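Scroll down for the structure; my scribbles are underneath it.
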Amino acid sequence: MTPQQLFAGFAAFDVLVDDRAGLTRLLHKLTERSRVLAHGVKPPDERVATEPPTPDSLTVTLGVGASLFDNRFGLAGHKPRHLTRMPSFPHDRLDPARCHGDLSLQVCAEHPDAVVHVDVSRQTQGMMRPRWRMDAFLNPSRPTGPDATSSASRTASSIPTPTRRQRWTS
């Protein structure tokens with residue numbers, strides 16, 4: 001199992017191919033591209049691309065949406081029983097154009113550039129269209145334990161305390 005990476009990109013796509021053979025080609029292209037990306041991402045910027053690739057531990061996870069199991073590809077009878085469209089929650093104001101999708105990709109890495117420079121839609125030659133994308137990051141863990149507490153105490157005690165008069169006039 002891959003340890004949790006610090007940066008991620010999430011994207012959903014609408015599949016544009018017309019039949020099951022096209023869907024199979026699309027999935028093969030996505031698999032090929034994912035293998036290439038996992039070996040190191042080179043950004044399109046020539047100044048940056050001359051630098052050696054960094055070991056980013058890039059991973060790509062493909063998900064399928066409930067809408068993929070319609071009549072376009074003959075998959076309606078194969079839809080997993082619990083796979084449904086995600087419901088809205090109370091007080092959601094969702095834009096239907098930015099919800100759901102036939103396919104979803106999760107791209108994770110140790111460096112933000114590795115996630116930002118991933119673009120699979122170019123390699124799929126119009127076989128799918130991006131619906132939405134969101135990038136995310138994981139905050140580093142905060143220090144805990146006796147050292148962290150004493151460090152925080154020293155920091156707090158070094159902050160000057162206002163005099164009584166300053167407190168009331170500020």
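Residue numbering restarts at 1 for every chain of the structure tokens, chains are lettered A, B, ... in their displayed order, and ligands are numbered from 1 as they appear.
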
Original post:
Which polymer residues have any atom within 12 Å of an atom of Val60 (chain A), counting only C-alpha atoms, with same-chain residues fewer than 2 positions away left out, as a ChimeraX atom specification?
Top reply: /A:2,5,8-11,30-39,57-58,62-63,104-109,114-115,118-120

How many Å separate CA of Phe73 (chain A) from CA of Val15 (chain A)?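 We find that CA of Phe73 (chain A) and CA of Val15 (chain A) lie 10.5 Å from each other.
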
Determine, counting only C-alpha atoms, which protein, DNA and RNA residues have an atom within 8 Å of an atom of Lys79 (chain A); residues of the same chain fewer than 3 positions away are not included. Present the result as a PyMOL selection string. chain A and resi 66+69+75-76+83

Write out, as a tab-separated table (two decimals), in the first residue's frame, the residues just selected, with all heavy atoms.
```tsv
chain	number	residue	atom	x	y	z
A	66	ALA	N	-21.71	6.11	-11.70
A	66	ALA	CA	-22.94	5.38	-12.00
A	66	ALA	C	-23.40	5.62	-13.43
A	66	ALA	O	-23.95	4.73	-14.08
A	66	ALA	CB	-24.04	5.77	-11.01
A	69	PHE	N	-22.69	3.25	-16.46
A	69	PHE	CA	-23.45	2.00	-16.60
A	69	PHE	C	-24.84	2.24	-17.20
A	69	PHE	O	-25.83	1.70	-16.73
A	69	PHE	CB	-23.56	1.30	-15.25
A	69	PHE	CG	-22.23	0.82	-14.75
A	69	PHE	CD1	-21.42	1.65	-13.99
A	69	PHE	CD2	-21.78	-0.44	-15.07
A	69	PHE	CE1	-20.19	1.22	-13.55
A	69	PHE	CE2	-20.53	-0.88	-14.64
A	69	PHE	CZ	-19.73	-0.05	-13.88
A	75	LEU	N	-23.47	-1.78	-20.53
A	75	LEU	CA	-23.06	-2.10	-19.17
A	75	LEU	C	-24.19	-2.00	-18.15
A	75	LEU	O	-23.97	-2.26	-16.97
A	75	LEU	CB	-21.91	-1.18	-18.73
A	75	LEU	CG	-20.62	-1.28	-19.54
A	75	LEU	CD1	-19.62	-0.21	-19.08
A	75	LEU	CD2	-20.02	-2.66	-19.43
A	76	ALA	N	-25.38	-1.63	-18.60
A	76	ALA	CA	-26.47	-1.39	-17.65
A	76	ALA	C	-26.74	-2.59	-16.75
A	76	ALA	O	-26.97	-2.43	-15.56
A	76	ALA	CB	-27.75	-1.00	-18.41
A	83	LEU	N	-23.64	1.07	-6.43
A	83	LEU	CA	-23.12	2.24	-7.14
A	83	LEU	C	-24.30	3.12	-7.57
A	83	LEU	O	-25.11	2.75	-8.40
A	83	LEU	CB	-22.31	1.82	-8.37
A	83	LEU	CG	-21.70	2.95	-9.19
A	83	LEU	CD1	-20.71	3.77	-8.36
A	83	LEU	CD2	-21.00	2.40	-10.42
```

Quick one: DSSP helix (DSSP H, G or I) residues in region 50-116 of chain A, as a list of chain:residue names?
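Matching residues, listed in order: A:Ala66, A:Ser67, A:Leu68, A:Phe69, A:Ala76, A:Gly77, A:His78, A:Pro96, A:Ala97, A:Arg98, A:Pro112, A:Asp113, A:Ala114, A:Val115, A:Val116.
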
Next, write the just-selected residues to a file, as a tab-separated table (two decimals), in the first residue's frame, keeping N, CA, C and O atoms as the atom set.
```tsv
chain	number	residue	atom	x	y	z
A	66	ALA	N	-21.71	6.11	-11.70
A	66	ALA	CA	-22.94	5.38	-12.00
A	66	ALA	C	-23.40	5.62	-13.43
A	66	ALA	O	-23.95	4.73	-14.08
A	67	SER	N	-23.13	6.83	-13.96
A	67	SER	CA	-23.59	7.16	-15.31
A	67	SER	C	-22.89	6.35	-16.39
A	67	SER	O	-23.38	6.26	-17.52
A	68	LEU	N	-21.74	5.74	-16.09
A	68	LEU	CA	-21.04	4.91	-17.08
A	68	LEU	C	-21.85	3.64	-17.39
A	68	LEU	O	-21.71	3.06	-18.46
A	69	PHE	N	-22.69	3.25	-16.46
A	69	PHE	CA	-23.45	2.00	-16.60
A	69	PHE	C	-24.84	2.24	-17.20
A	69	PHE	O	-25.83	1.70	-16.73
A	76	ALA	N	-25.38	-1.63	-18.60
A	76	ALA	CA	-26.47	-1.39	-17.65
A	76	ALA	C	-26.74	-2.59	-16.75
A	76	ALA	O	-26.97	-2.43	-15.56
A	77	GLY	N	-26.65	-3.79	-17.28
A	77	GLY	CA	-26.90	-4.98	-16.48
A	77	GLY	C	-25.73	-5.37	-15.59
A	77	GLY	O	-25.84	-6.29	-14.79
A	78	HIS	N	-24.61	-4.67	-15.70
A	78	HIS	CA	-23.41	-5.00	-14.92
A	78	HIS	C	-23.10	-3.96	-13.84
A	78	HIS	O	-22.05	-4.05	-13.20
A	96	PRO	N	-25.08	21.44	-11.49
A	96	PRO	CA	-25.11	20.12	-12.14
A	96	PRO	C	-23.97	19.90	-13.13
A	96	PRO	O	-23.51	18.78	-13.31
A	97	ALA	N	-23.47	20.96	-13.74
A	97	ALA	CA	-22.36	20.82	-14.68
A	97	ALA	C	-21.05	20.46	-13.97
A	97	ALA	O	-20.10	20.01	-14.60
A	98	ARG	N	-21.01	20.67	-12.65
A	98	ARG	CA	-19.78	20.38	-11.89
A	98	ARG	C	-19.98	19.25	-10.89
A	98	ARG	O	-19.34	19.20	-9.85
A	112	PRO	N	3.65	19.19	-5.43
A	112	PRO	CA	2.49	19.75	-6.13
A	112	PRO	C	2.67	19.81	-7.64
A	112	PRO	O	1.71	19.65	-8.39
A	113	ASP	N	3.90	20.05	-8.13
A	113	ASP	CA	4.10	20.12	-9.59
A	113	ASP	C	3.74	18.82	-10.27
A	113	ASP	O	3.24	18.82	-11.40
A	114	ALA	N	3.99	17.71	-9.62
A	114	ALA	CA	3.67	16.42	-10.22
A	114	ALA	C	2.17	16.29	-10.46
A	114	ALA	O	1.74	15.73	-11.46
A	115	VAL	N	1.37	16.83	-9.56
A	115	VAL	CA	-0.09	16.75	-9.70
A	115	VAL	C	-0.59	17.78	-10.71
A	115	VAL	O	-1.41	17.48	-11.57
A	116	VAL	N	-0.08	18.99	-10.63
A	116	VAL	CA	-0.56	20.09	-11.49
A	116	VAL	C	-0.29	19.80	-12.96
A	116	VAL	O	-1.10	20.12	-13.82
```
